[in-house]
>>> print(open('entry-v9.cif').read())   # mmCIF, C-alpha atoms
data_protein
#
loop_
_atom_site.label_atom_id
_atom_site.label_comp_id
_atom_site.auth_asym_id
_atom_site.auth_seq_id
_atom_site.Cartn_x
_atom_site.Cartn_y
_atom_site.Cartn_z
CA MET T 1 1.46 -27.07 13.61
CA THR T 2 3.96 -24.26 13.01
CA HIS T 3 3.42 -21.88 10.09
CA PHE T 4 5.59 -19.08 8.71
CA ILE T 5 3.74 -16.10 7.20
CA PHE T 6 5.61 -13.44 5.23
CA ASP T 7 4.86 -9.98 3.94
CA VAL T 8 6.67 -9.38 0.62
CA ASP T 9 7.71 -5.73 0.04
CA GLY T 10 10.46 -4.80 2.49
CA THR T 11 10.36 -8.27 4.08
CA LEU T 12 11.29 -10.79 1.38
CA THR T 13 12.28 -8.24 -1.28
CA PRO T 14 13.40 -4.64 -1.54
CA SER T 15 10.27 -2.54 -2.06
CA ARG T 16 8.78 -3.15 -5.54
CA GLN T 17 11.86 -5.16 -6.57
CA GLN T 18 12.78 -8.82 -7.06
CA MET T 19 14.17 -11.14 -4.42
CA ASP T 20 17.92 -11.26 -3.96
CA ALA T 21 19.08 -14.36 -5.89
CA GLU T 22 21.11 -15.85 -3.02
CA PHE T 23 18.32 -15.30 -0.51
CA GLN T 24 15.77 -16.72 -2.95
CA LYS T 25 17.75 -19.96 -3.29
CA TRP T 26 18.05 -20.28 0.50
CA PHE T 27 14.38 -19.44 1.01
CA ILE T 28 13.20 -22.11 -1.45
CA ASN T 29 15.11 -24.68 0.57
CA PHE T 30 13.46 -23.30 3.72
CA GLN T 31 10.04 -23.68 2.08
CA GLU T 32 10.74 -27.33 1.27
CA HIS T 33 11.03 -28.06 5.00
CA ASN T 34 8.50 -25.62 6.47
CA SER T 35 4.89 -24.51 6.08
CA THR T 36 5.05 -21.06 4.44
CA TYR T 37 2.45 -18.47 3.40
CA LEU T 38 2.69 -15.06 1.73
CA VAL T 39 0.44 -12.10 2.56
CA THR T 40 0.88 -8.89 0.58
CA GLY T 41 -1.06 -5.85 -0.55
CA SER T 42 0.16 -6.45 -4.10
CA ASP T 43 -1.71 -8.42 -6.75
CA ARG T 44 -0.75 -11.87 -8.05
CA ASN T 45 1.18 -10.68 -11.11
CA LYS T 46 3.34 -8.25 -9.15
CA THR T 47 4.03 -10.85 -6.46
CA LEU T 48 5.07 -13.43 -9.07
CA GLU T 49 7.37 -10.83 -10.61
CA GLN T 50 8.98 -10.11 -7.24
CA VAL T 51 9.40 -13.55 -5.66
CA GLY T 52 9.35 -15.76 -8.78
CA PRO T 53 7.03 -18.69 -9.56
CA THR T 54 8.96 -21.23 -7.47
CA VAL T 55 8.67 -19.28 -4.20
CA TYR T 56 5.07 -18.37 -5.06
CA ASN T 57 4.01 -21.95 -5.74
CA PHE T 58 5.98 -23.48 -2.87
CA ALA T 59 3.89 -21.37 -0.50
CA ARG T 60 0.89 -23.33 0.78
CA ARG T 61 -1.27 -20.31 0.09
CA VAL T 62 -0.69 -16.76 -1.16
CA TYR T 63 -2.91 -13.99 0.15
CA ASN T 64 -2.73 -11.25 -2.43
CA CYS T 65 -4.44 -7.90 -1.90
CA SER T 66 -4.17 -8.39 1.89
CA GLY T 67 -6.22 -11.58 1.72
CA SER T 68 -8.94 -10.41 -0.67
CA ASP T 69 -7.50 -12.47 -3.55
CA VAL T 70 -6.34 -15.93 -2.46
CA TRP T 71 -4.29 -18.41 -4.48
CA GLU T 72 -3.09 -21.97 -4.00
CA GLN T 73 -0.53 -22.40 -6.78
CA ASP T 74 -2.56 -21.71 -9.97
CA GLU T 75 -5.98 -22.04 -8.34
CA ASN T 76 -7.87 -18.91 -7.30
CA THR T 77 -9.82 -19.94 -4.19
CA TYR T 78 -11.36 -16.56 -3.26
CA THR T 79 -11.71 -13.06 -4.73
CA SER T 80 -13.55 -10.07 -3.25
CA ASP T 81 -15.65 -7.91 -5.60
CA TRP T 82 -15.44 -4.68 -3.53
CA LYS T 83 -14.80 -1.42 -5.42
CA LEU T 84 -13.65 1.98 -4.16
CA PRO T 85 -16.70 4.31 -3.92
CA GLU T 86 -16.58 7.34 -6.20
CA LEU T 87 -16.89 9.81 -3.30
CA ALA T 88 -13.84 8.23 -1.62
CA LYS T 89 -11.89 8.49 -4.87
CA GLN T 90 -12.81 12.18 -5.14
CA PHE T 91 -11.57 12.77 -1.59
CA LEU T 92 -8.19 11.15 -2.33
CA THR T 93 -7.91 13.06 -5.61
CA GLN T 94 -8.38 16.28 -3.64
CA CYS T 95 -5.67 15.20 -1.18
CA MET T 96 -3.35 14.61 -4.14
CA SER T 97 -4.07 18.04 -5.59
CA GLU T 98 -3.28 19.65 -2.22
CA SER T 99 0.00 17.77 -1.74
CA GLU T 100 3.13 19.95 -1.85
CA PHE T 101 5.10 17.13 -3.49
CA PRO T 102 5.66 18.37 -7.07
CA LEU T 103 5.92 15.12 -9.09
CA ARG T 104 2.97 13.18 -10.56
CA THR T 105 3.87 10.08 -12.57
CA GLY T 106 0.47 8.49 -13.24
CA LEU T 107 -1.36 5.39 -11.96
CA HIS T 108 -2.33 7.11 -8.71
CA PHE T 109 -5.16 4.61 -8.16
CA GLU T 110 -4.37 0.94 -8.66
CA HIS T 111 -7.54 -1.11 -8.28
CA ARG T 112 -7.05 -4.65 -7.00
CA PRO T 113 -9.49 -7.32 -5.79
CA GLY T 114 -11.09 -6.08 -2.58
CA MET T 115 -8.91 -2.98 -2.28
CA CYS T 116 -7.33 0.05 -3.95
CA ASN T 117 -3.78 1.35 -3.60
CA PHE T 118 -3.49 5.14 -3.68
CA SER T 119 -0.23 7.00 -4.29
CA VAL T 120 0.41 10.74 -4.54
CA VAL T 121 3.55 10.30 -6.64
CA GLY T 122 1.96 7.46 -8.64
CA ARG T 123 2.98 3.86 -9.20
CA ASN T 124 4.70 4.74 -12.49
CA ALA T 125 7.45 6.49 -10.52
CA THR T 126 11.06 5.48 -11.11
CA LEU T 127 13.20 4.33 -8.18
CA GLY T 128 14.71 7.83 -8.01
CA GLU T 129 11.28 9.48 -7.97
CA ARG T 130 10.10 7.05 -5.30
CA LYS T 131 13.13 7.93 -3.18
CA LEU T 132 12.29 11.62 -3.45
CA TYR T 133 8.74 10.94 -2.30
CA VAL T 134 9.94 8.78 0.61
CA GLU T 135 12.12 11.70 1.78
CA HIS T 136 9.12 14.04 1.48
CA ASP T 137 6.85 11.63 3.35
CA VAL T 138 9.34 11.08 6.17
CA ARG T 139 9.71 14.83 6.56
CA ILE T 140 6.01 15.75 6.80
CA ASP T 141 4.28 12.39 7.49
CA GLU T 142 1.96 12.95 4.52
CA ARG T 143 0.63 9.42 4.06
CA ASN T 144 -0.32 8.97 7.70
CA ARG T 145 -2.10 12.33 7.68
CA ILE T 146 -4.06 11.42 4.53
CA ALA T 147 -4.93 7.98 5.94
CA LYS T 148 -6.20 9.43 9.24
CA ALA T 149 -8.28 12.07 7.46
CA PHE T 150 -9.70 9.42 5.13
CA CYS T 151 -10.72 7.13 8.01
CA THR T 152 -12.47 10.05 9.71
CA MET T 153 -14.38 10.90 6.54
CA PHE T 154 -15.23 7.27 5.65
CA PRO T 155 -15.63 5.27 8.89
CA ASP T 156 -16.67 2.07 7.06
CA ILE T 157 -13.49 2.04 4.96
CA ASP T 158 -9.95 1.65 6.26
CA ALA T 159 -6.71 3.23 5.03
CA LYS T 160 -3.28 1.86 5.95
CA VAL T 161 0.15 3.03 4.88
CA GLY T 162 1.70 0.30 2.72
CA GLY T 163 5.09 -0.05 1.06
CA GLU T 164 7.18 3.08 0.48
CA THR T 165 4.79 5.42 -1.34
CA GLY T 166 1.23 4.07 -1.16
CA ILE T 167 -1.86 3.84 1.01
CA ASP T 168 -3.97 0.67 0.93
CA ILE T 169 -7.73 1.35 0.95
CA PHE T 170 -10.19 -1.45 1.78
CA PRO T 171 -13.45 -2.17 3.65
CA LYS T 172 -13.15 -2.06 7.44
CA GLY T 173 -11.94 -5.46 8.66
CA ASN T 174 -10.60 -6.61 5.28
CA ASP T 175 -6.99 -6.06 6.32
CA LYS T 176 -4.26 -8.70 6.58
CA SER T 177 -5.79 -10.05 9.79
CA GLN T 178 -8.63 -11.60 7.74
CA ILE T 179 -6.31 -14.44 6.71
CA LEU T 180 -6.47 -15.92 10.22
CA ARG T 181 -9.84 -17.41 9.26
CA ASP T 182 -7.84 -20.15 7.54
CA PHE T 183 -5.69 -21.12 10.53
CA ASP T 184 -6.44 -23.30 13.52
CA PRO T 185 -6.29 -21.47 16.90
CA ASN T 186 -3.86 -24.16 18.08
CA ASP T 187 -1.41 -23.43 15.27
CA VAL T 188 1.81 -21.57 16.07
CA ILE T 189 2.42 -18.66 13.70
CA HIS T 190 5.68 -16.85 12.96
CA PHE T 191 4.81 -13.64 11.09
CA PHE T 192 7.46 -11.48 9.39
CA GLY T 193 6.68 -7.93 8.25
CA ASP T 194 8.24 -4.49 7.91
CA ALA T 195 5.18 -2.32 8.65
CA MET T 196 4.02 -3.44 12.10
CA HIS T 197 3.76 0.07 13.54
CA LYS T 198 0.21 1.16 14.36
CA GLU T 199 -0.36 2.89 11.01
CA GLY T 200 1.26 0.11 8.95
CA ASN T 201 -0.58 -2.53 6.92
CA ASP T 202 1.09 -5.40 8.85
CA TYR T 203 -0.20 -4.09 12.18
CA PRO T 204 -3.73 -5.61 12.14
CA LEU T 205 -2.34 -9.13 11.63
CA LYS T 206 0.36 -8.57 14.23
CA ARG T 207 -2.24 -7.31 16.73
CA GLU T 208 -4.46 -10.37 16.30
CA ILE T 209 -1.52 -12.78 16.60
CA ILE T 210 -0.17 -11.13 19.75
CA ASP T 211 -3.54 -10.43 21.43
CA ASN T 212 -4.68 -14.04 20.93
CA ASP T 213 -1.31 -15.63 21.70
CA PHE T 214 -1.15 -17.27 18.26
CA GLY T 215 2.62 -16.96 17.91
CA VAL T 216 5.54 -14.59 17.36
CA CYS T 217 5.87 -11.48 15.17
CA TYR T 218 9.15 -10.21 13.72
CA ASN T 219 9.30 -6.53 12.77
CA VAL T 220 12.08 -6.44 10.18
CA LYS T 221 13.72 -3.57 8.34
CA ASP T 222 14.63 -5.52 5.17
CA TYR T 223 15.03 -9.01 3.68
CA LYS T 224 18.49 -9.34 5.22
CA GLU T 225 17.00 -9.09 8.70
CA THR T 226 14.28 -11.59 7.73
CA TRP T 227 17.01 -13.97 6.58
CA LYS T 228 18.90 -13.51 9.85
CA PHE T 229 15.80 -14.28 11.95
CA LEU T 230 14.92 -17.32 9.80
CA LYS T 231 18.38 -18.80 10.25
CA SER T 232 17.97 -18.49 14.00
CA VAL T 233 14.53 -20.16 14.15
CA SER T 234 15.37 -22.93 11.68
CA THR T 235 18.55 -24.18 13.37
#
>>> encode(input="entry-v9.cif", output="structure tokens")
Amino acid sequence: MTHFIFDVDGTLTPSRQQMDAEFQKWFINFQEHNSTYLVTGSDRNKTLEQVGPTVYNFARRVYNCSGSDVWEQDENTYTSDWKLPELAKQFLTQCMSESEFPLRTGLHFEHRPGMCNFSVVGRNATLGERKLYVEHDVRIDERNRIAKAFCTMFPDIDAKVGGETGIDIFPKGNDKSQILRDFDPNDVIHFFGDAMHKEGNDYPLKREIIDNDFGVCYNVKDYKETWKFLKSVST
């Protein structure tokens, strides 16, 4: 059977924003004729806010928190109880204090089932403040440097750059690739994501799909490119 798996931020929606209305209408029609799944680092409430309840519930399964909080429509079928260790939080707090980026907007640690999202600028940042941090991060590669240092310090915990401003922190192995436990090896998977580079949070799932010949991966730059690819594979 053929399945379509989608990241959300940067793949189905602009980062942290809602789906484009025209694309959303087209995508719902696509879901009616295809087997679709969502996998995102965000929690259920944020995902519902971004894609809307129709897209969310038309998905056969939604893997929130990179697969550590799993939903089938309104039924929660699995939730991890892992929490970020205090020593790891102290390390990230120190990294934040040493950052040269001047703005701090609050909510620097967002705890989700099975993971924690860390952000130097904070998840309360406005779109303009997020843009400033993105420019800073592109210039000095801050998030990748923090993630690499974290993984060296805490070898049993993983850190992956996610979205535009955050770093996803979770137990080693509890990345997006964990969702493959629910798929048959004979299934054909089409996976769409915007962070498939080695440090990105879509990479572990991409690696498993490609290494095991489970299907095709599409590294997209935005929802428009996702839409373009989907039109080509659904005709």
>>> residues_near_point(input="entry-v9.cif", point="(3.7, -23.4, 0.1)", cutoff="7 Å", atoms="only C-alpha atoms", output="PDB file with C-alpha atoms, in the coordinates of the input")
ATOM      1  CA  GLN T  31      10.040 -23.680   2.080  1.00  0.00           C
ATOM      2  CA  SER T  35       4.890 -24.510   6.080  1.00  0.00           C
ATOM      3  CA  THR T  36       5.050 -21.060   4.440  1.00  0.00           C
ATOM      4  CA  TYR T  37       2.450 -18.470   3.400  1.00  0.00           C
ATOM      5  CA  ASN T  57       4.010 -21.950  -5.740  1.00  0.00           C
ATOM      6  CA  PHE T  58       5.980 -23.480  -2.870  1.00  0.00           C
ATOM      7  CA  ALA T  59       3.890 -21.370  -0.500  1.00  0.00           C
ATOM      8  CA  ARG T  60       0.890 -23.330   0.780  1.00  0.00           C
ATOM      9  CA  ARG T  61      -1.270 -20.310   0.090  1.00  0.00           C
TER      10      ARG T  61
END
>>> resolve_selection(input="entry-v9.cif", expression="the PyMOL selection byres ((chain T and resi 4) around 7)", output="PyMOL selection string")
chain T and resi 2-3+5-6+35-37+189-191
>>> write_last_selection(input="entry-v9.cif", atoms="C-alpha atoms", output="tab-separated table (two decimals), keeping the file's coordinate frame")
chain	number	residue	atom	x	y	z
T	2	THR	CA	3.96	-24.26	13.01
T	3	HIS	CA	3.42	-21.88	10.09
T	5	ILE	CA	3.74	-16.10	7.20
T	6	PHE	CA	5.61	-13.44	5.23
T	35	SER	CA	4.89	-24.51	6.08
T	36	THR	CA	5.05	-21.06	4.44
T	37	TYR	CA	2.45	-18.47	3.40
T	189	ILE	CA	2.42	-18.66	13.70
T	190	HIS	CA	5.68	-16.85	12.96
T	191	PHE	CA	4.81	-13.64	11.09
>>> resolve_selection(input="entry-v9.cif", expression="the PyMOL selection byres ((chain T and resi 106) around 7)", output="count of residues only")
7
>>> closest_residue(input="entry-v9.cif", among="T:Gly163, T:Phe101, T:Ser80, T:Phe23", to="Arg139 in chain T", atoms="all atoms listed in the file")
T:Phe101
>>> residues_around(input="entry-v9.cif", residues="range 95-98 of chain T", least_positions_apart="6", cutoff="9 Å", atoms="only C-alpha atoms", output="PyMOL selection string")
chain T and resi 108+119-121+146
